[in-house]
Amino acid sequence: MTLTLMSHAPERVPRQATAPTSPSSRSGRLVQMLSEMPDTNDRNHVYLGVHVRGPVTVVHERARILLEPNDLVFCDPARRHLLRFGEDCQMIFFRVPRCYLGVTESELDRVLGVPVRGGEGIGALASDFLTALAARAEFRRSTIGDRRARTAVHLLSVLVVELLEADTTDAADARCGAGNEMLSRIHAHIEEHLMDPDLSPESIARAHHISVRYLQKLFQNDGSTVSQWVRQRRLESCRFELGRSTRRITMAAMAHRWGFSSPSHFSRTFRGAYGMSPTEWQALATSAFAPTADDTQG
């Protein structure tokens, strides 16, 4: 069921906006509240989800971000699989014609799936305003709906522009000295917590007060990913420990100590990196340093 929140969309399209892709964009409502996002693809509208309660996870750039109440995310029905809903969760979806947001299609696509925290900045303003619209029936009356509609669209336009600017700034920072300094601190943090099984892109980003998206960009500019870096450092540490140990270490103990999910996963990852199993490497390394008969006689 679609609940109309606002008055009809204006006939004129902003000069800087992309032209509507079909006549239905002009004749539709400017902002609508939906019980859920539709299953069919819709290239005429963008959907904004406001998180209310329950576990909702956004999969963005291979990172999983858990939404908090009042957080927002721009959605596309064609990419609905990027939203993971848990038990007893609720989101409010708002549908807005793409052509009234004042950005190009490619720019709008850059913000789809990007979580926005609803407790700070323009995200807080947009979240509070839209939540109030959804809660108060009088806001949906046509006599005041037009002003509310224009305010909502203006807020969302500003939010989109801010997300685009943040994306550009993050990319620029990642290429400069500030990004390199941050990356060095992150490398040190990873080394310090390498044995922690809960070490993840989310925990690393949280410890440095940055977004997971910015963290991934830092590593991408360095030719890697966060997960690849952590895995490689763990493997190097395992190889070193296996090579210097004079006693046999079980693969289960090694996997548990260095944060691998299971002994089999550790063995497969080790073989993929070094061309031999951990057991084979340990046997080879320890035999190379085993005392010879000449050593014992000397």
# chains A, B, ... in the order shown; residues from 1 in each chain; ligands from 1
call {"tool": "select_by_dssp", "arguments": {"residues": "stretch 79-264 of chain A", "states": "strand (DSSP E)", "output": "list in words"}}
result
Leu83, Arg84, Phe85, Gln90, Met91, Ile92, Phe93, Phe94, Arg95, Val96, Pro97, Pro115 and Val116 of chain A
call {"tool": "closest_residue", "arguments": {"among": "A:Leu183, A:His60, A:Arg206, A:Ser237", "to": "A:Ser224", "atoms": "only C-alpha atoms"}}
result
A:Leu183
call {"tool": "closest_residue", "arguments": {"among": "A:Gly86, A:Gly259, A:Gly223, A:Pro201", "to": "A:Ile65", "atoms": "only C-alpha atoms"}}
result
A:Pro201
call {"tool": "select_by_dssp", "arguments": {"residues": "stretch 44-284 of chain A", "states": "helix (DSSP H, G or I)", "output": "ChimeraX atom specification"}}
result
/A:77-82,98-100,105-111,121-135,137-140,142-175,177-192,201-207,212-221,226-244,251-257,263-274,278-284
call {"tool": "atom_distance", "arguments": {"atom1": "atom CA of A:Val212", "atom2": "atom CA of A:Asn70"}}
result
19.0 Å
